[in-house]
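For reference, start_7.csv (CSV, C-alpha atoms and all ligand atoms):
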```
chain,number,residue,atom,x,y,z
A,6,MET,CA,-3.0,35.5,-14.1
A,7,THR,CA,-1.1,37.8,-16.4
A,8,LEU,CA,2.6,37.0,-16.8
A,9,ALA,CA,5.3,39.7,-17.6
A,10,PRO,CA,6.8,39.1,-21.1
A,11,ASN,CA,10.1,38.1,-19.4
A,12,ASP,CA,8.4,35.5,-17.2
A,13,LEU,CA,9.4,32.0,-18.5
A,14,GLY,CA,7.8,29.9,-15.7
A,15,GLY,CA,5.2,27.4,-16.9
A,16,ARG,CA,3.4,27.0,-13.6
A,17,PHE,CA,1.9,23.6,-12.9
A,18,THR,CA,-1.9,23.8,-13.4
A,19,GLN,CA,-2.1,21.9,-10.0
A,20,ASN,CA,-0.4,24.7,-8.1
A,21,PRO,CA,0.0,24.9,-5.1
A,22,ILE,CA,0.9,21.2,-5.0
A,23,LEU,CA,1.5,21.2,-1.2
A,24,ARG,CA,-0.1,23.3,1.5
A,25,PRO,CA,0.4,23.3,5.3
A,26,CYS,CA,-2.8,21.3,5.8
A,27,ASP,CA,-1.4,18.4,3.7
A,28,LEU,CA,0.9,17.3,6.5
A,29,LYS,CA,0.5,16.5,10.1
A,30,PRO,CA,2.2,18.8,12.6
A,31,SER,CA,5.0,17.3,14.8
A,32,ARG,CA,2.6,17.6,17.8
A,33,PRO,CA,-1.2,17.6,18.0
A,34,ASP,CA,-1.2,21.0,19.7
A,35,TRP,CA,1.0,22.7,17.1
A,36,GLN,CA,0.1,23.9,13.7
A,37,ILE,CA,2.0,24.1,10.4
A,38,GLU,CA,2.1,27.7,9.4
A,39,CYS,CA,4.2,27.4,6.3
A,40,LEU,CA,5.3,24.5,4.0
A,41,LEU,CA,8.0,25.9,1.8
A,42,ASN,CA,11.4,26.0,0.1
A,43,PRO,CA,12.0,22.3,-0.8
A,44,GLY,CA,15.4,20.8,-1.7
A,45,VAL,CA,14.9,18.3,-4.6
A,46,PHE,CA,16.6,15.0,-5.4
A,47,ARG,CA,15.9,11.7,-7.1
A,48,PHE,CA,16.1,8.5,-5.0
A,49,ASN,CA,15.0,4.9,-5.7
A,50,GLY,CA,13.4,6.0,-9.0
A,51,LYS,CA,11.3,8.6,-7.3
A,52,ILE,CA,11.3,12.4,-7.3
A,53,CYS,CA,11.7,13.6,-3.7
A,54,LEU,CA,11.3,16.9,-1.9
A,55,LEU,CA,13.1,17.8,1.3
A,56,VAL,CA,10.5,20.2,2.5
A,57,ARG,CA,10.7,22.9,5.2
A,58,VAL,CA,7.9,22.6,7.7
A,59,ALA,CA,7.5,25.7,9.8
A,60,GLU,CA,5.4,25.2,13.0
A,61,ARG,CA,4.3,26.8,16.2
A,62,PRO,CA,1.6,26.1,18.8
A,63,ALA,CA,-1.9,27.5,18.2
A,64,PRO,CA,-1.6,30.8,20.1
A,65,ARG,CA,-3.8,31.8,23.0
A,66,GLU,CA,-5.9,34.9,22.5
A,67,GLY,CA,-3.7,38.0,23.1
A,68,TYR,CA,-0.4,36.1,22.9
A,69,VAL,CA,2.2,35.1,20.4
A,70,ALA,CA,3.9,31.7,21.0
A,71,PHE,CA,6.7,29.8,19.2
A,72,PRO,CA,8.9,26.9,20.0
A,73,VAL,CA,12.7,26.9,20.4
A,74,LEU,CA,14.9,23.9,20.9
A,75,SER,CA,17.3,23.2,23.8
A,76,GLU,CA,20.8,22.1,23.0
A,77,SER,CA,19.7,18.5,23.5
A,78,GLY,CA,16.8,19.0,21.1
A,79,GLU,CA,13.8,19.4,23.4
A,80,ALA,CA,11.2,21.9,22.3
A,81,GLN,CA,10.1,24.6,24.7
A,82,ILE,CA,7.5,27.3,24.1
A,83,LEU,CA,8.2,31.0,24.5
A,84,GLU,CA,5.1,33.1,24.8
A,85,PHE,CA,4.7,36.9,24.8
A,86,GLN,CA,1.7,39.1,25.4
A,87,ARG,CA,0.8,40.9,22.2
A,88,LYS,CA,0.2,44.2,24.0
A,89,ASP,CA,3.7,44.2,25.7
A,90,PRO,CA,5.5,47.3,24.4
A,91,ARG,CA,8.8,45.4,24.2
A,92,LEU,CA,7.3,43.2,21.5
A,93,ASP,CA,7.8,44.0,17.8
A,94,ILE,CA,6.0,41.7,15.4
A,95,SER,CA,6.1,43.9,12.3
A,96,ASP,CA,7.8,41.1,10.3
A,97,PRO,CA,5.7,37.9,10.3
A,98,ARG,CA,9.0,35.8,10.1
A,99,VAL,CA,11.1,37.4,12.8
A,100,LEU,CA,10.0,38.7,16.2
A,101,ARG,CA,11.9,41.1,18.4
A,102,TYR,CA,11.4,41.2,22.2
A,103,ASP,CA,13.3,43.7,24.3
A,104,GLY,CA,15.8,44.0,21.5
A,105,VAL,CA,16.4,40.3,21.1
A,106,HIS,CA,15.5,38.5,17.8
A,107,TYR,CA,13.6,35.2,17.6
A,108,LEU,CA,12.0,33.3,14.7
A,109,THR,CA,8.1,33.2,14.9
A,110,THR,CA,8.1,29.6,13.8
A,111,LEU,CA,10.4,26.6,14.3
A,112,SER,CA,11.4,24.7,11.0
A,113,HIS,CA,12.4,21.2,10.4
A,114,LEU,CA,12.8,19.2,7.2
A,115,ARG,CA,10.8,16.2,5.9
A,116,VAL,CA,11.2,13.9,2.9
A,117,LEU,CA,8.2,13.6,0.5
A,118,THR,CA,8.2,11.2,-2.5
A,119,SER,CA,6.4,11.2,-5.8
A,120,GLU,CA,6.1,9.1,-8.9
A,121,ASP,CA,5.1,12.0,-11.2
A,122,GLY,CA,6.6,15.1,-9.6
A,123,VAL,CA,3.2,16.5,-8.8
A,124,VAL,CA,1.5,14.3,-6.2
A,125,PHE,CA,3.8,14.0,-3.2
A,126,ARG,CA,3.3,11.9,-0.1
A,127,GLU,CA,5.2,11.4,3.2
A,128,ASP,CA,6.9,8.0,3.6
A,129,PRO,CA,7.2,7.1,7.3
A,130,SER,CA,10.4,5.1,6.6
A,131,TYR,CA,12.3,8.4,6.2
A,132,PRO,CA,12.9,10.2,9.5
A,133,PRO,CA,12.3,14.0,9.8
A,134,LEU,CA,15.4,16.1,10.3
A,135,HIS,CA,15.4,18.4,13.2
A,136,GLY,CA,17.8,21.1,14.5
A,137,ARG,CA,20.5,19.6,16.7
A,138,GLY,CA,22.9,21.2,19.0
A,139,LEU,CA,23.7,24.8,20.0
A,140,TRP,CA,23.8,26.2,16.5
A,141,GLU,CA,20.3,25.0,15.4
A,142,THR,CA,18.1,25.8,18.4
A,143,PHE,CA,15.9,28.1,16.2
A,144,GLY,CA,15.6,25.3,13.6
A,145,ILE,CA,16.9,24.3,10.2
A,146,GLU,CA,15.7,25.7,6.8
A,147,ASP,CA,15.9,25.8,3.0
A,148,ALA,CA,18.1,22.7,2.4
A,149,ARG,CA,19.9,22.4,-0.9
A,150,VAL,CA,20.6,18.7,-1.9
A,151,SER,CA,23.7,17.9,-4.0
A,152,LEU,CA,24.5,14.4,-5.2
A,153,LEU,CA,28.2,13.5,-5.3
A,154,LYS,CA,29.3,9.9,-5.9
A,155,GLU,CA,26.0,8.5,-4.6
A,156,VAL,CA,26.1,10.5,-1.4
A,157,TYR,CA,23.6,13.3,-0.9
A,158,TYR,CA,25.0,16.4,0.8
A,159,LEU,CA,22.5,18.7,2.5
A,160,THR,CA,23.5,22.3,3.0
A,161,TYR,CA,20.9,24.2,5.0
A,162,THR,CA,20.3,27.3,7.0
A,163,ALA,CA,21.0,26.7,10.7
A,164,VAL,CA,19.5,29.3,13.0
A,165,SER,CA,20.2,30.0,16.7
A,166,PRO,CA,20.7,33.1,18.9
A,167,ASN,CA,24.3,33.0,17.7
A,168,GLY,CA,23.2,33.8,14.2
A,169,VAL,CA,22.3,32.3,10.8
A,170,ALA,CA,24.8,29.9,9.4
A,171,VAL,CA,25.3,27.0,7.0
A,172,GLY,CA,25.1,23.4,8.4
A,173,MET,CA,25.8,20.3,6.4
A,174,ARG,CA,24.7,16.6,6.8
A,175,SER,CA,25.1,13.8,4.3
A,176,THR,CA,23.3,10.5,3.6
A,177,ALA,CA,23.3,7.7,1.1
A,178,ASP,CA,19.9,6.2,2.1
A,179,TRP,CA,17.9,9.0,3.8
A,180,LYS,CA,17.7,6.9,6.9
A,181,SER,CA,21.1,7.5,8.5
A,182,PHE,CA,23.0,10.8,8.4
A,183,SER,CA,26.5,12.1,9.0
A,184,GLU,CA,26.7,15.5,10.6
A,185,TYR,CA,29.4,17.9,9.9
A,186,GLY,CA,28.3,20.8,12.1
A,187,LEU,CA,28.6,24.3,10.5
A,188,ILE,CA,30.6,24.5,7.4
A,189,LEU,CA,30.2,28.3,7.2
A,190,PRO,CA,29.7,30.5,10.3
A,191,PRO,CA,27.2,33.4,10.7
A,192,HIS,CA,26.1,35.3,8.9
A,193,ASN,CA,25.7,33.0,5.9
A,194,LYS,CA,23.0,31.1,4.1
A,195,ASP,CA,21.9,30.0,0.6
A,196,CYS,CA,24.8,27.6,0.2
A,197,VAL,CA,24.9,25.0,-2.5
A,198,ILE,CA,27.6,22.6,-3.6
A,199,PHE,CA,28.4,21.9,-7.3
A,200,GLN,CA,27.6,18.3,-8.2
A,201,GLU,CA,31.0,17.6,-9.7
A,202,LYS,CA,34.6,18.7,-9.1
A,203,ILE,CA,36.2,21.3,-11.3
A,204,ASN,CA,40.0,20.7,-11.8
A,205,GLY,CA,40.1,18.5,-8.8
A,206,ARG,CA,38.4,20.9,-6.4
A,207,TYR,CA,34.9,21.1,-4.9
A,208,PHE,CA,33.0,24.4,-5.4
A,209,ALA,CA,30.1,26.0,-3.6
A,210,LEU,CA,28.1,29.1,-3.8
A,211,HIS,CA,27.1,30.9,-0.6
A,212,ARG,CA,25.7,34.1,0.7
A,213,PRO,CA,27.5,36.0,3.5
A,214,SER,CA,25.9,39.3,4.7
A,215,SER,CA,27.6,42.5,5.5
A,216,PRO,CA,25.2,45.1,6.7
A,217,GLU,CA,27.3,48.3,6.5
A,218,ILE,CA,30.0,47.9,3.9
A,219,GLY,CA,29.1,45.4,1.2
A,220,GLY,CA,25.7,43.6,1.2
A,221,ASN,CA,23.9,40.3,0.6
A,222,TYR,CA,25.9,39.0,-2.3
A,223,ILE,CA,26.6,35.6,-3.9
A,224,TRP,CA,30.1,34.2,-3.3
A,225,LEU,CA,32.0,31.2,-4.6
A,226,ALA,CA,34.3,29.0,-2.4
A,227,GLU,CA,36.6,26.1,-3.0
A,228,SER,CA,37.3,23.0,-0.9
A,229,PRO,CA,39.5,19.9,-1.0
A,230,ASP,CA,37.1,17.9,1.2
A,231,LEU,CA,33.6,19.5,1.3
A,232,VAL,CA,34.1,20.6,4.9
A,233,HIS,CA,36.8,23.2,4.7
A,234,TRP,CA,36.0,26.1,2.4
A,235,GLY,CA,38.4,28.9,1.3
A,236,ARG,CA,39.5,31.1,-1.6
A,237,HIS,CA,36.2,33.0,-1.4
A,238,VAL,CA,35.3,35.2,-4.3
A,239,CYS,CA,32.3,37.5,-4.6
A,240,ILE,CA,30.7,36.7,-8.0
A,241,ALA,CA,27.3,38.5,-8.0
A,242,ARG,CA,26.3,41.6,-6.2
A,243,ALA,CA,22.8,43.1,-5.6
A,244,ARG,CA,22.2,45.7,-8.4
A,245,PRO,CA,20.9,49.1,-7.3
A,246,GLY,CA,17.7,50.1,-9.1
A,247,MET,CA,17.0,46.6,-10.4
A,248,TRP,CA,14.7,43.8,-9.2
A,249,ASP,CA,17.6,42.2,-7.3
A,250,SER,CA,18.7,45.5,-5.6
A,251,ALA,CA,18.6,44.3,-1.9
A,252,ARG,CA,19.8,40.7,-1.8
A,253,VAL,CA,20.7,37.8,-4.0
A,254,GLY,CA,21.2,34.1,-3.1
A,255,ALA,CA,21.9,30.8,-4.9
A,256,GLY,CA,19.1,28.3,-5.6
A,257,ALA,CA,19.9,24.6,-6.2
A,258,ALA,CA,23.1,23.1,-7.7
A,259,PRO,CA,24.3,24.7,-10.9
A,260,ILE,CA,23.3,23.0,-14.1
A,261,ARG,CA,26.1,22.0,-16.5
A,262,THR,CA,25.3,23.2,-20.0
A,263,PRO,CA,27.6,23.5,-23.0
A,264,ALA,CA,27.5,27.3,-22.5
A,265,GLY,CA,28.5,27.2,-18.8
A,266,TRP,CA,27.1,26.5,-15.4
A,267,LEU,CA,23.5,27.8,-15.2
A,268,GLU,CA,22.6,28.9,-11.7
A,269,ILE,CA,19.0,29.9,-10.9
A,270,TYR,CA,19.1,32.4,-8.0
A,271,HIS,CA,16.7,34.6,-6.1
A,272,GLY,CA,16.8,38.3,-5.9
A,273,ALA,CA,14.8,40.7,-3.8
A,274,ASN,CA,14.3,44.4,-3.8
A,275,ALA,CA,13.9,46.8,-0.9
A,276,GLN,CA,10.2,45.9,-0.8
A,277,ASN,CA,11.1,42.3,-0.2
A,278,ARG,CA,9.7,41.2,-3.5
A,279,TYR,CA,11.5,37.9,-4.3
A,280,CYS,CA,12.0,36.9,-8.0
A,281,LEU,CA,14.1,34.4,-9.8
A,282,GLY,CA,16.9,35.1,-12.2
A,283,ALA,CA,19.8,33.2,-13.8
A,284,LEU,CA,23.6,33.4,-13.8
A,285,LEU,CA,25.8,31.7,-16.3
A,286,LEU,CA,29.3,30.8,-15.0
A,287,ASP,CA,32.4,29.7,-16.9
A,288,LEU,CA,32.7,25.9,-16.9
A,289,GLU,CA,36.4,25.8,-16.0
A,290,MET,CA,36.6,29.1,-14.0
A,291,PRO,CA,33.2,29.3,-12.3
A,292,TRP,CA,34.2,32.6,-10.6
A,293,LYS,CA,33.8,34.2,-14.1
A,294,VAL,CA,30.2,35.4,-14.7
A,295,ILE,CA,29.5,35.1,-18.5
A,296,ALA,CA,25.9,36.4,-18.3
A,297,ARG,CA,23.1,37.4,-15.9
A,298,SER,CA,19.4,38.0,-16.2
A,299,THR,CA,18.5,41.7,-16.8
A,300,HIS,CA,14.9,40.9,-16.0
A,301,PRO,CA,13.6,38.1,-13.7
A,302,ILE,CA,12.8,34.8,-15.4
A,303,MET,CA,10.0,34.4,-12.9
A,304,GLU,CA,8.2,36.9,-10.7
A,305,PRO,CA,5.2,36.8,-8.3
A,306,ALA,CA,2.1,36.8,-10.5
A,307,ALA,CA,-0.3,34.1,-9.4
A,308,PRO,CA,-2.5,34.9,-6.4
A,309,TYR,CA,-0.6,32.2,-4.3
A,310,GLU,CA,2.7,33.9,-5.1
A,311,GLN,CA,1.4,37.4,-4.1
A,312,THR,CA,-0.4,36.7,-0.9
A,313,GLY,CA,0.3,34.4,2.1
A,314,PHE,CA,2.4,34.3,5.2
A,315,PHE,CA,4.9,36.6,3.5
A,316,GLY,CA,3.6,37.8,0.2
A,317,ASN,CA,5.3,38.5,-3.1
A,318,VAL,CA,7.9,35.7,-2.7
A,319,ILE,CA,9.1,33.1,-5.2
A,320,PHE,CA,12.0,31.3,-3.6
A,321,THR,CA,13.7,28.2,-4.9
A,322,ASN,CA,16.3,25.9,-3.6
A,323,GLY,CA,15.4,22.7,-5.6
A,324,HIS,CA,14.9,21.5,-9.1
A,325,PHE,CA,15.5,18.7,-11.5
A,326,VAL,CA,16.6,18.6,-15.1
A,327,ALA,CA,15.4,16.2,-17.8
A,328,GLY,CA,16.9,17.0,-21.1
A,329,ASP,CA,16.1,20.6,-21.9
A,330,ARG,CA,13.3,20.7,-19.3
A,331,LEU,CA,14.1,22.3,-16.0
A,332,THR,CA,11.4,21.7,-13.3
A,333,ILE,CA,11.7,24.2,-10.5
A,334,TYR,CA,10.0,23.7,-7.1
A,335,TYR,CA,9.5,26.8,-5.1
A,336,GLY,CA,8.0,28.3,-2.0
A,337,ALA,CA,5.3,30.8,-2.9
A,338,SER,CA,4.6,33.6,-0.4
A,339,ASP,CA,6.5,31.5,2.2
A,340,SER,CA,3.2,29.5,2.6
A,341,VAL,CA,2.9,26.8,0.0
A,342,ILE,CA,5.0,24.7,-2.4
A,343,CYS,CA,4.5,25.0,-6.2
A,344,GLY,CA,6.2,23.8,-9.4
A,345,ALA,CA,7.0,25.4,-12.7
A,346,ASN,CA,8.6,24.1,-15.9
A,347,PHE,CA,11.3,26.0,-17.9
A,348,SER,CA,13.3,25.3,-21.0
A,349,VAL,CA,17.1,25.4,-20.3
A,350,THR,CA,17.6,26.8,-23.8
A,351,GLY,CA,14.9,29.3,-23.2
A,352,ILE,CA,16.7,30.6,-20.1
A,353,LEU,CA,20.0,30.7,-21.9
A,354,ASN,CA,18.5,32.6,-24.8
A,355,SER,CA,17.0,35.1,-22.3
A,356,LEU,CA,20.5,36.0,-21.1
A,357,GLY,CA,21.3,37.4,-24.6
B,401,LIG,C1,14.8,34.6,3.4
B,401,LIG,C2,14.6,33.2,4.0
B,401,LIG,C3,13.8,32.3,3.1
B,401,LIG,C4,12.4,33.0,2.8
B,401,LIG,C5,12.7,34.4,2.2
B,401,LIG,C6,11.4,35.2,2.0
B,401,LIG,O1,15.6,34.6,2.3
B,401,LIG,O2,14.1,33.3,5.2
B,401,LIG,O3,13.5,31.1,3.8
B,401,LIG,O4,11.7,32.3,1.9
B,401,LIG,O5,13.5,35.1,3.1
B,401,LIG,O6,10.8,35.5,3.2
```
As a first step, turn the structure in this file into structure tokens.
Amino acid sequence: MTLAPNDLGGRFTQNPILRPCDLKPSRPDWQIECLLNPGVFRFNGKICLLVRVAERPAPREGYVAFPVLSESGEAQILEFQRKDPRLDISDPRVLRYDGVHYLTTLSHLRVLTSEDGVVFREDPSYPPLHGRGLWETFGIEDARVSLLKEVYYLTYTAVSPNGVAVGMRSTADWKSFSEYGLILPPHNKDCVIFQEKINGRYFALHRPSSPEIGGNYIWLAESPDLVHWGRHVCIARARPGMWDSARVGAGAAPIRTPAGWLEIYHGANAQNRYCLGALLLDLEMPWKVIARSTHPIMEPAAPYEQTGFFGNVIFTNGHFVAGDRLTIYYGASDSVICGANFSVTGILNSLG
């Protein structure tokens, strides 16, 4: 593997650390297609991942099949004949039938725990989290986990025929959860809450999409109570001609450094190549961007980052910090979960 000079990601030698075959599907007749995009948190002295498990039934010859949930949470299978001219499966992630969009897999979230941050296992005492209600019938994805006063807040992508939105749940013990419904309506995703208040207010990054005027940009919002978000400000746009020309979205909770809030984000170009970069935000006025990566700090280079369910993707929504070391967990090619170490100072220096 040859890394670009700007690539600061010290990949784990054990990568990929988790593959679809490492977990059992929810049902014996289903298969896990992708294990990806984990939220990360520490709990009970362990390093934990909240992984996204994307599943579907093993397809019959000549058919595509995928599960959707009813409002009450029961899974039903939709199946289409591959040769049906109304079917468009050109994107492996999204399927279009007769002009209507569906996801090709149904995602839920599971907690995995580890002593060393490399070997993770499922602990049956923590229940899986599934989509619930009308806004999550196509599943829940890509949770960010923010810890505020001993309560973990999960902000995740909630998908349904109504659109892609941001749902929130919270827990103190990973066994019982409070549900807040949607905190941001469609179309919005990539939402993460800062882990401390700034001048008495909560802050979050989020990513609304506007297809004609505007684009897929990172916004900042404020809240008095974590549920009601306002005073929205666009802080980072996609940059024409650069590696993040098509879309950008926040990763895990911003890291407080003396220089400012360091946010690791993903950026993709028109070819859907997903890389990671960094933003540095003012500590007191986080809507002020002090610096931003010119080149990615990590880009698809390893074979598992270049080929898979959806190749050329490095996507992160979880990390932990220990002193100067930042360990990022990421979905590679939307197929497997990997880890990489960075130096916080190294990232700050790369911003010039
Ligand atoms: C979107 C989301 C992510 C996924 C990337 C790359 O941003 O669906 O879950 O990892 O695309 O496919």
### Query
Mind listing the residues within 9 Å of ligand LIG 401 (chain B), all atoms listed in the file counted, as a ChimeraX atom specification?
/A:41-42,57,98,146-147,162,194-195,252-254,271,273,277-279,314-321,336-340
Serialized selection, C-alpha atoms, as a PDB file, keeping the file's coordinate frame:
```pdb
ATOM      1  CA  LEU A  41       8.000  25.900   1.800  1.00  0.00           C
ATOM      2  CA  ASN A  42      11.400  26.000   0.100  1.00  0.00           C
ATOM      3  CA  ARG A  57      10.700  22.900   5.200  1.00  0.00           C
ATOM      4  CA  ARG A  98       9.000  35.800  10.100  1.00  0.00           C
ATOM      5  CA  GLU A 146      15.700  25.700   6.800  1.00  0.00           C
ATOM      6  CA  ASP A 147      15.900  25.800   3.000  1.00  0.00           C
ATOM      7  CA  THR A 162      20.300  27.300   7.000  1.00  0.00           C
ATOM      8  CA  LYS A 194      23.000  31.100   4.100  1.00  0.00           C
ATOM      9  CA  ASP A 195      21.900  30.000   0.600  1.00  0.00           C
ATOM     10  CA  ARG A 252      19.800  40.700  -1.800  1.00  0.00           C
ATOM     11  CA  VAL A 253      20.700  37.800  -4.000  1.00  0.00           C
ATOM     12  CA  GLY A 254      21.200  34.100  -3.100  1.00  0.00           C
ATOM     13  CA  HIS A 271      16.700  34.600  -6.100  1.00  0.00           C
ATOM     14  CA  ALA A 273      14.800  40.700  -3.800  1.00  0.00           C
ATOM     15  CA  ASN A 277      11.100  42.300  -0.200  1.00  0.00           C
ATOM     16  CA  ARG A 278       9.700  41.200  -3.500  1.00  0.00           C
ATOM     17  CA  TYR A 279      11.500  37.900  -4.300  1.00  0.00           C
ATOM     18  CA  PHE A 314       2.400  34.300   5.200  1.00  0.00           C
ATOM     19  CA  PHE A 315       4.900  36.600   3.500  1.00  0.00           C
ATOM     20  CA  GLY A 316       3.600  37.800   0.200  1.00  0.00           C
ATOM     21  CA  ASN A 317       5.300  38.500  -3.100  1.00  0.00           C
ATOM     22  CA  VAL A 318       7.900  35.700  -2.700  1.00  0.00           C
ATOM     23  CA  ILE A 319       9.100  33.100  -5.200  1.00  0.00           C
ATOM     24  CA  PHE A 320      12.000  31.300  -3.600  1.00  0.00           C
ATOM     25  CA  THR A 321      13.700  28.200  -4.900  1.00  0.00           C
ATOM     26  CA  GLY A 336       8.000  28.300  -2.000  1.00  0.00           C
ATOM     27  CA  ALA A 337       5.300  30.800  -2.900  1.00  0.00           C
ATOM     28  CA  SER A 338       4.600  33.600  -0.400  1.00  0.00           C
ATOM     29  CA  ASP A 339       6.500  31.500   2.200  1.00  0.00           C
ATOM     30  CA  SER A 340       3.200  29.500   2.600  1.00  0.00           C
TER      31      SER A 340
END
```
### Task
With a distance cut-off of 10 Å and all atoms listed in the file, select the neighbouring residues of segment 122-136 of chain A, excluding the residue or stretch itself and same-chain residues fewer than 5 positions from it, and output the selection as an MDAnalysis selection string.
chainID A and resid 17 19:23 27:29 31 51:58 73:79 111:117 141:146 163:165 172 174 178:182 325 332 334 343:344
### Task
Taking the point (28.1, 23.2, -12.8) as given in the file, collect each protein or nucleic acid residue that comes within 7 Å of it, counting only C-alpha atoms, and present the set as a VMD selection string.
chain A and resid 199 to 200 259 to 261 266 to 267 288
### Query
If you count only C-alpha atoms, which residues fall within 6 Å of Tyr157 of chain A, apart from same-chain ones fewer than 5 positions away, as number ranges by chain?
A: 151-152, 175-177
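Atom CA of Ala148 of chain A is positioned 24.7 Å from atom CA of Ala307 of chain A.
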Neighbour list for Gly256 of chain A as a PDB file with C-alpha atoms, in the coordinates of the input, cut-off 10 Å, only C-alpha atoms, skip fewer than 6 positions in-chain:
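Saved result, around27.pdb, follows:
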```pdb
ATOM      1  CA  ASN A  42      11.400  26.000   0.100  1.00  0.00           C
ATOM      2  CA  GLY A  44      15.400  20.800  -1.700  1.00  0.00           C
ATOM      3  CA  ASP A 147      15.900  25.800   3.000  1.00  0.00           C
ATOM      4  CA  ALA A 148      18.100  22.700   2.400  1.00  0.00           C
ATOM      5  CA  ARG A 149      19.900  22.400  -0.900  1.00  0.00           C
ATOM      6  CA  ASP A 195      21.900  30.000   0.600  1.00  0.00           C
ATOM      7  CA  CYS A 196      24.800  27.600   0.200  1.00  0.00           C
ATOM      8  CA  VAL A 197      24.900  25.000  -2.500  1.00  0.00           C
ATOM      9  CA  LEU A 210      28.100  29.100  -3.800  1.00  0.00           C
ATOM     10  CA  HIS A 211      27.100  30.900  -0.600  1.00  0.00           C
ATOM     11  CA  GLU A 268      22.600  28.900 -11.700  1.00  0.00           C
ATOM     12  CA  ILE A 269      19.000  29.900 -10.900  1.00  0.00           C
ATOM     13  CA  TYR A 270      19.100  32.400  -8.000  1.00  0.00           C
ATOM     14  CA  HIS A 271      16.700  34.600  -6.100  1.00  0.00           C
ATOM     15  CA  LEU A 281      14.100  34.400  -9.800  1.00  0.00           C
ATOM     16  CA  GLY A 282      16.900  35.100 -12.200  1.00  0.00           C
ATOM     17  CA  ALA A 283      19.800  33.200 -13.800  1.00  0.00           C
ATOM     18  CA  PHE A 320      12.000  31.300  -3.600  1.00  0.00           C
ATOM     19  CA  THR A 321      13.700  28.200  -4.900  1.00  0.00           C
ATOM     20  CA  ASN A 322      16.300  25.900  -3.600  1.00  0.00           C
ATOM     21  CA  GLY A 323      15.400  22.700  -5.600  1.00  0.00           C
ATOM     22  CA  HIS A 324      14.900  21.500  -9.100  1.00  0.00           C
ATOM     23  CA  ILE A 333      11.700  24.200 -10.500  1.00  0.00           C
ATOM     24  CA  TYR A 335       9.500  26.800  -5.100  1.00  0.00           C
TER      25      TYR A 335
END
```
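Reported to one decimal place, the separation of atom CA of Ile342 of chain A from atom CA of Gln311 of chain A is 13.3 Å.
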### Task
Find the residue from A:Pro291, A:Ala264, A:Phe71, A:Pro216 that sits nearest to Val238 of chain A; use only C-alpha atoms when measuring.
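Using only C-alpha atoms, Val238 of chain A sits closest to A:Pro291.
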### Task
Kindly give the distance, in Å, that separates atom CA of Met303 of chain A and atom CA of Asp12 of chain A, rounded to a single decimal.
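Between atom CA of Met303 of chain A and atom CA of Asp12 of chain A the gap is 4.7 Å.
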### Query
Out of A:Phe208, A:Trp248, A:Phe347, A:Trp234, which residue has the shortest atom-to-atom distance to Met290 of chain A when counting all atoms listed in the file?
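Once distances to Met290 of chain A are computed over all atoms listed in the file, the minimum belongs to A:Phe208.
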### Message
Under the rule that all atoms listed in the file are counted, which of A:Thr299, A:Asn346, A:Thr118, A:Ser228 is the nearest residue to Gly50 of chain A?
### Response
A:Thr118
### Task
Point out the residue among A:Trp292, A:Tyr68, A:Tyr207, A:Trp35 with the least atom-to-atom distance to Cys239 of chain A, counting all atoms listed in the file.
A:Trp292
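Minimum atom-to-atom distance to Ala255 of chain A, evaluated using only C-alpha atoms, belongs to A:Ile223 out of A:Leu159, A:Ala9, A:Leu231, A:Ile223.
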### Query
Excluding same-chain residues fewer than 5 positions from Ile240 of chain A, what lies within 8 Å of it counting only C-alpha atoms, as a ChimeraX atom specification?
/A:222-225,292-294
